[in-house]
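S.K.: Structure provided below as structure tokens; questions to follow.
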Amino acid sequence: MVRAMSQASTQGLGAEARRLAEDEHRASNWKRWGPYLAERQWGTVREDYSPGGTNWTDFPHEHARSRAYRWGEDGLLGITDRQGRMCFSVALWNEKDPFLKERLFGLTGPQGNHGEDVKEEYFYLDSTPTHSYMKALYKYPQAEFPYERLVRENQRRGRHETEFELADTGIFHERRYFDVFAEYAKAGPDDLLIRLTVANRGPVAARLHVLPTLWFRNTWAWGRTGEGYWAKPRVAAHGEDALAAGQTSLGNYRLHAQAPVGGLPPERLFTGNETNFQRLYGVPNKAPYVKDAFHDAVVRGQREAVNPAQEGTKAAFHYVLEVPAGGSVVLPLRLFSEAQAPEALFGEAFEQVFAQRIAEADAFYASRFPHTLGDEERRVARQACAGLLWTKQFYHYAVKPWLEGDPTAPPPSPSRLQGRNREWGHLYNRDIISVPDKWEYPWYAAWDTAFHMVPFARLDPLFAKEQLLLFLREWFMHPNGQIPAYEFEFSDVNPPVHAWACWRVYKLTGVHGKRDRLFLARSFQKLLLNFTWWVNRKDVDGLNLFSGGFLGLDNIGVFDRSKPLPTGGHLHQADGTAWMAFFCTTMLSMALELAQEDPAYEDIASKFFEHFVAIVDAMNHLGGTGLWDEEDGFYYDELKLEGRATPLRVRSMVGLVPLFAAEVLEDRVLDRLPGFARRLRWFLENRSDLAQNTSYMAVCQRTGLGGRRLLAIPSRERLTRVLRRVLDPREFLSDYGIRSLSRMHAEAPFVFHAGREEHRVAYVPGESDSGMFGGNSNWRGPVWFPLNYLLIEALERYHHFYGDEFQVECPTGSGQMMSLAQVARELSSRLCRLFLPDGTGQRPCHGEDARFVEDPDFRELVLFHEYFHGDSGRGLGAAHQTGWTALVVQCLARQSPASKGQELPLTEGG
């Protein structure tokens with residue numbers, strides 16, 4: 001149903017804000033088209049139909065150009081509609097590569113010495129939330145792309161060596177590469193202007209083939225009907241310079257292409273988006289024209305591969321450009337619905353739309369960032385937002401038909417029904433989702449997405465709220481209340497941060513003092529199911545000590561915590577238990593907020609308060625000191641075996657998570673909730689055995705501010721002791737944030753013997769030296785944004801309670817005392833330092849790569865990695881995981897004097 005928008009409702013809004021409002025009220029479908037095209041569909045779980053679930057080998061990169069995908073599409077610098085029906089991207093050929101460059105190349109898990117890894121250089125430069133303007137850059141070498149050398153050298157290297165990257169091959173020597181820019185500007189919701197700019201950065205002229213390609217996702221070859229399966233569409237020649245494309249549910253579109261200035265018009269090529277069975281399997285093709293026909297026609301010169309009738313389900317304009325040294329060529333194209341056909345396709349009107357959308361994007365971001373940010377801070381923030389917005393992806397995965405197989409395909413192995421995700425037959429994903437990295441992690445991870453939504457709330461509040469609710473919907477959430485983790489194993493366990501994200505987004509997206517209570521209530525009701533699942537499934541002994549598995553921290557533990565322990569027994573996890581306390585305090589705050597208008601929520605608020613107190617008691621006092629180690633002043637996991645409890649004394653982020661569960665209750669809020677206050681008093685009077693051990697008993701009175709009460713796991717004295725280690729450069733504090741493992745374990749690794757096996761945890765500041773979880777991630781030393789950010793927020797909440805009089809030494813041993821608010825600001829500043837140029841012009845995240853200092857076409861580019869070297873700050877892991885690393889936007893805002901007070905803790909008015 002279209003909700004009418006009054007003119008008055010959009011007055012005073014900027015152009016992009018008006019588009020967001022129009023899209024929200026369904027007055028105009030501004031978000032129908034966006035960067036939703038995956039960057040890697042091959043090698044994913046949903047394209048894997050092997051008996052043993054070996055997704056990397058079942059659909060390798062070598063198959064990608066010839067094999068029709070079942071569940072999605074991928075491409076280079078591309079776009080698609082919100083249901084992934086029609087796609088557009090760019091293909092390139094430098095006349096030296098063995099095949100067209102149609103998608104990004106990288107190593108599979110077994111090929112890389114540190115797991116999956118993209119081996120390309122590309123950057124997201126800009127995007128608005130409605131994608132009314134977008135810009136991205138791909139750097140394409142002029143020499144033959146070293147596919148085999150990258151695989152061979154990385155396979156040769158061990159886990160103690162760094163990854164062998166594209167730049168290490170010397171292929172960018174003498175700047176012999178093309179910068180290929182893709183820009184998109186919307187004249188209307190279904191009128192997309194496309195500007196491809198090819199710049200030759202090398203010393204001599206070079207030739208490049210450019211193939212802007214339009215195609216339909218194959219939804220017709222699987223023998224299924226119903227929602228999402230449409231009649232075979234068609235793209236055909238139209239006039240002298242256009243393609244006409246029609247699809248049942250999307251309608252009719254045209255793609256026009258203009259010749260470059262002084263150049264020839266492009267040739268049009270046509271084929272079908274069908275599997276080349278002959279090339280892959282040595283059997284006859286089911287269709288005469290197949291997916292890789294453009295490769296055969298352009299690279300191999302086989303003109304018979306393309307359809308002379310000039311029609312199919314895939315088409316391209318073929319440009320052959322001679323780009324002068326230091327020069328560039330611009331290729332204008334325009335994709336539009338026939339219902340929105342413009343009067344003038346190109347020329348002055350075309351350029352004017354681009355200029356206007358760029359100016360509107362500038363105005364939008366000027367309104368979103370404090371005006372006091374410097375140019376470099378704004379550049380970093382804008383590129384972080386661009387990466388966040390470009391990493392939205394059409395994600396399609398329906399588990400039941402995936403398990404069953406398709407009518408036109410060979411029946412799957414019987415083992416498939418006993419394998420991966422068999423318990424998730426209800427799950428049906430066909431949505432635009434914020435994914436961690438569209439190449440290395442082209443699927444959602446529940447806790448990643450929760451963190452993404454905090455910076456998203458600054459850009460597109462509606463998307464942030466809808467995305468969080470999506471994971472709680474009945475076609476996502478398991479009937480038992482579990483939130484799906486990620487496609488490799490939906491039943492795995494991510495930290496329960498979804499409630500925090502919902503609460504945080506609720507607080508961040510208030511407009512004119514009004515907040516979206518309907519969103520809060522909807523999320524709260526479903527989160528109750530998730531909380532119950534955690535309580536019933538992860539508290540093995542019923543002692544309020546939880547064992548959640550690896551909890552997103554991959555290899556940080558002594559053992560793989562997702563598998564049975566080699567010792568037998570089970571773990572009481574300091575982080576698992578603390579996450580549940582954090583879950584409790586967040587749900588309590590949500591309930592108290594909802595109770596302001598509906599007293600029914602007071603009852604459940606009491607329940608979460610009591611549950612929190614029980615968890616804190618178990619964590620601090622069960623069996624004497626719970627999971628607290630009095631000698632070390634730290635929280636540790638505990639191995640429970642044959643009635644004995646053995647602390648695993650690894651000083652890691654596991655022991656810092658207990659600091660996150662801190663919430664401040666305002667007496668003025670409690671005074672408005674007499675039912676909750678009455679039950680609270682009863683509990684404190686009748687369960688003093690529990691209540692006396694919580695920080696709740698401390699009451700802070702301040703002049704003019706009334707009373708405040710703190711719910712927290714550590715007492716003031718214990719908080720001080722833990723922070724002494726956190727802020728010690730010899731332990732957790734690096735120049736670039738908080739390390740995930742204490743640096744003391746470099747000299748004193750933790751060693752545990754189980755039978756004849758030795759289990760060792762040592763400080764590893766860079767890439768992982770362990771194959772645990774594929775070797776992609778390392779939590780044994782590097783700096784990770786998500787938990788750093790939660791620590792910063794927690795310190796702000798502690799400061800809100802304790803005030804300026806509570807000070808700690810920062811850094812430890814420096815003699816410099818700081819309030820906890822100042823410590824939070826200092827940690828935030830260190831995270832920002834990763835991306836800002838130092839005195840030499842080098843950004844720490846780029847390591848020692850001199851190109852980012854010396855090359856003017858690299859100097860302003862920023863990569864937002866998955867995590868960062870614990871000593872040098874060099875970016876590690878997935879190179880484009882702007883999702884949770886986009887939290888730097890929030891950290892930058894904290895550094896601005898104008899923002900002081902805007903990033904308050906999660907308390908009333910915060």
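Ordering of the structure tokens sets the chain letters (A, B, ...); residue numbers start at 1 within each chain; ligands are numbered from 1 in the order shown.
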Write down as a list in words the residues of region 334-393 of chain A whose backbone DSSP state falls under strand (DSSP E).

M.R.: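 Put together, the selection reads Arg334, Leu335, Phe336, Ser337, Lys392 and Gln393 of chain A.
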
S.K.: Write out as a PyMOL selection string the residues lying within 8 Å of region 351-364 of chain A, counting only C-alpha atoms and excluding same-chain residues fewer than 2 positions away.

M.R.: chain A and resi 14-17+127-128+132-133+185-187+193+346-349+366-368

S.K.: Got a sec: who's within 7 Å of region 453-463 of chain A, counting only C-alpha atoms, leaving out chain neighbours fewer than 2 positions off, as a PyMOL selection string?

M.R.: chain A and resi 129+368+449-451+465-467+501+504-505+508-509+886-887+889-890

S.K.: Residues of the last selection are to be written out with N, CA and C atoms, as a PDB file, in the first residue's frame.

M.R.:
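Resulting contents of selection.pdb:
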ATOM      1  N   PRO A 129      22.688   6.576   0.608  1.00  0.00           N
ATOM      2  CA  PRO A 129      21.865   5.450   1.070  1.00  0.00           C
ATOM      3  C   PRO A 129      20.860   4.931   0.036  1.00  0.00           C
ATOM      4  N   ARG A 368      25.688  14.748   8.042  1.00  0.00           N
ATOM      5  CA  ARG A 368      25.803  13.555   8.877  1.00  0.00           C
ATOM      6  C   ARG A 368      27.045  13.543   9.754  1.00  0.00           C
ATOM      7  N   THR A 449      26.292  -8.297  11.239  1.00  0.00           N
ATOM      8  CA  THR A 449      25.225  -7.412  10.794  1.00  0.00           C
ATOM      9  C   THR A 449      24.750  -6.514  11.929  1.00  0.00           C
ATOM     10  N   ALA A 450      24.709  -7.037  13.140  1.00  0.00           N
ATOM     11  CA  ALA A 450      24.306  -6.219  14.282  1.00  0.00           C
ATOM     12  C   ALA A 450      25.230  -5.012  14.426  1.00  0.00           C
ATOM     13  N   PHE A 451      26.530  -5.216  14.298  1.00  0.00           N
ATOM     14  CA  PHE A 451      27.463  -4.095  14.398  1.00  0.00           C
ATOM     15  C   PHE A 451      27.326  -3.141  13.214  1.00  0.00           C
ATOM     16  N   LYS A 465      16.803  -0.433  11.028  1.00  0.00           N
ATOM     17  CA  LYS A 465      15.747  -1.078  11.808  1.00  0.00           C
ATOM     18  C   LYS A 465      15.183  -2.292  11.073  1.00  0.00           C
ATOM     19  N   GLU A 466      14.946  -2.157   9.781  1.00  0.00           N
ATOM     20  CA  GLU A 466      14.381  -3.281   9.020  1.00  0.00           C
ATOM     21  C   GLU A 466      15.342  -4.456   8.970  1.00  0.00           C
ATOM     22  N   GLN A 467      16.647  -4.177   8.874  1.00  0.00           N
ATOM     23  CA  GLN A 467      17.624  -5.250   8.822  1.00  0.00           C
ATOM     24  C   GLN A 467      17.661  -6.031  10.131  1.00  0.00           C
ATOM     25  N   ALA A 501      22.190  -4.181  19.520  1.00  0.00           N
ATOM     26  CA  ALA A 501      22.079  -3.415  18.280  1.00  0.00           C
ATOM     27  C   ALA A 501      20.689  -2.798  18.141  1.00  0.00           C
ATOM     28  N   ARG A 504      20.518   0.052  20.612  1.00  0.00           N
ATOM     29  CA  ARG A 504      21.384   1.149  20.193  1.00  0.00           C
ATOM     30  C   ARG A 504      20.771   1.908  19.023  1.00  0.00           C
ATOM     31  N   VAL A 505      20.259   1.178  18.033  1.00  0.00           N
ATOM     32  CA  VAL A 505      19.642   1.821  16.870  1.00  0.00           C
ATOM     33  C   VAL A 505      18.399   2.594  17.298  1.00  0.00           C
ATOM     34  N   LEU A 508      19.608   5.814  18.688  1.00  0.00           N
ATOM     35  CA  LEU A 508      20.283   6.685  17.732  1.00  0.00           C
ATOM     36  C   LEU A 508      19.346   7.305  16.702  1.00  0.00           C
ATOM     37  N   THR A 509      18.170   6.710  16.519  1.00  0.00           N
ATOM     38  CA  THR A 509      17.318   7.120  15.401  1.00  0.00           C
ATOM     39  C   THR A 509      16.101   7.928  15.825  1.00  0.00           C
ATOM     40  N   ALA A 886      33.408  -0.166   9.798  1.00  0.00           N
ATOM     41  CA  ALA A 886      32.784   1.147   9.587  1.00  0.00           C
ATOM     42  C   ALA A 886      32.400   1.790  10.911  1.00  0.00           C
ATOM     43  N   LEU A 887      32.540   1.073  12.014  1.00  0.00           N
ATOM     44  CA  LEU A 887      32.364   1.685  13.331  1.00  0.00           C
ATOM     45  C   LEU A 887      33.350   2.832  13.547  1.00  0.00           C
ATOM     46  N   VAL A 889      33.418   5.333  11.871  1.00  0.00           N
ATOM     47  CA  VAL A 889      32.612   6.543  11.700  1.00  0.00           C
ATOM     48  C   VAL A 889      32.143   7.049  13.058  1.00  0.00           C
ATOM     49  N   GLN A 890      31.698   6.129  13.919  1.00  0.00           N
ATOM     50  CA  GLN A 890      31.266   6.522  15.255  1.00  0.00           C
ATOM     51  C   GLN A 890      32.445   7.027  16.086  1.00  0.00           C
TER      52      GLN A 890
END

S.K.: Please, which residues in region 640-756 of chain A fall within 9 Å of region 824-834 of chain A when counting only C-alpha atoms, and what is the closest atom pair and distance in Å to one decimal for each, ordered by chain then residue number, as CSV?

M.R.:
residue,atom,partner,partner_atom,distance
A:Leu733,CA,A:Leu827,CA,8.7
A:Ser734,CA,A:Arg830,CA,8.2
A:Asp735,CA,A:Arg830,CA,5.9
A:Tyr736,CA,A:Arg830,CA,4.5
A:Gly737,CA,A:Leu831,CA,5.3
A:Ile738,CA,A:Leu827,CA,7.6

S.K.: Find the residue from A:Glu163, A:Asp769, A:Asp81, A:Glu144 that sits nearest to Gly875 (chain A); use only C-alpha atoms when measuring.

M.R.: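 Looking only at the distances to Gly875 (chain A), the closest residue turns out to be A:Glu163.
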
S.K.: Ranking A:Glu274, A:Glu602, A:Glu338, A:Glu39 by minimum distance to Asn252 (chain A) and counting only C-alpha atoms, which one comes first?

M.R.: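 Looking at the shortest contact to Asn252 (chain A), the residue is A:Glu338.
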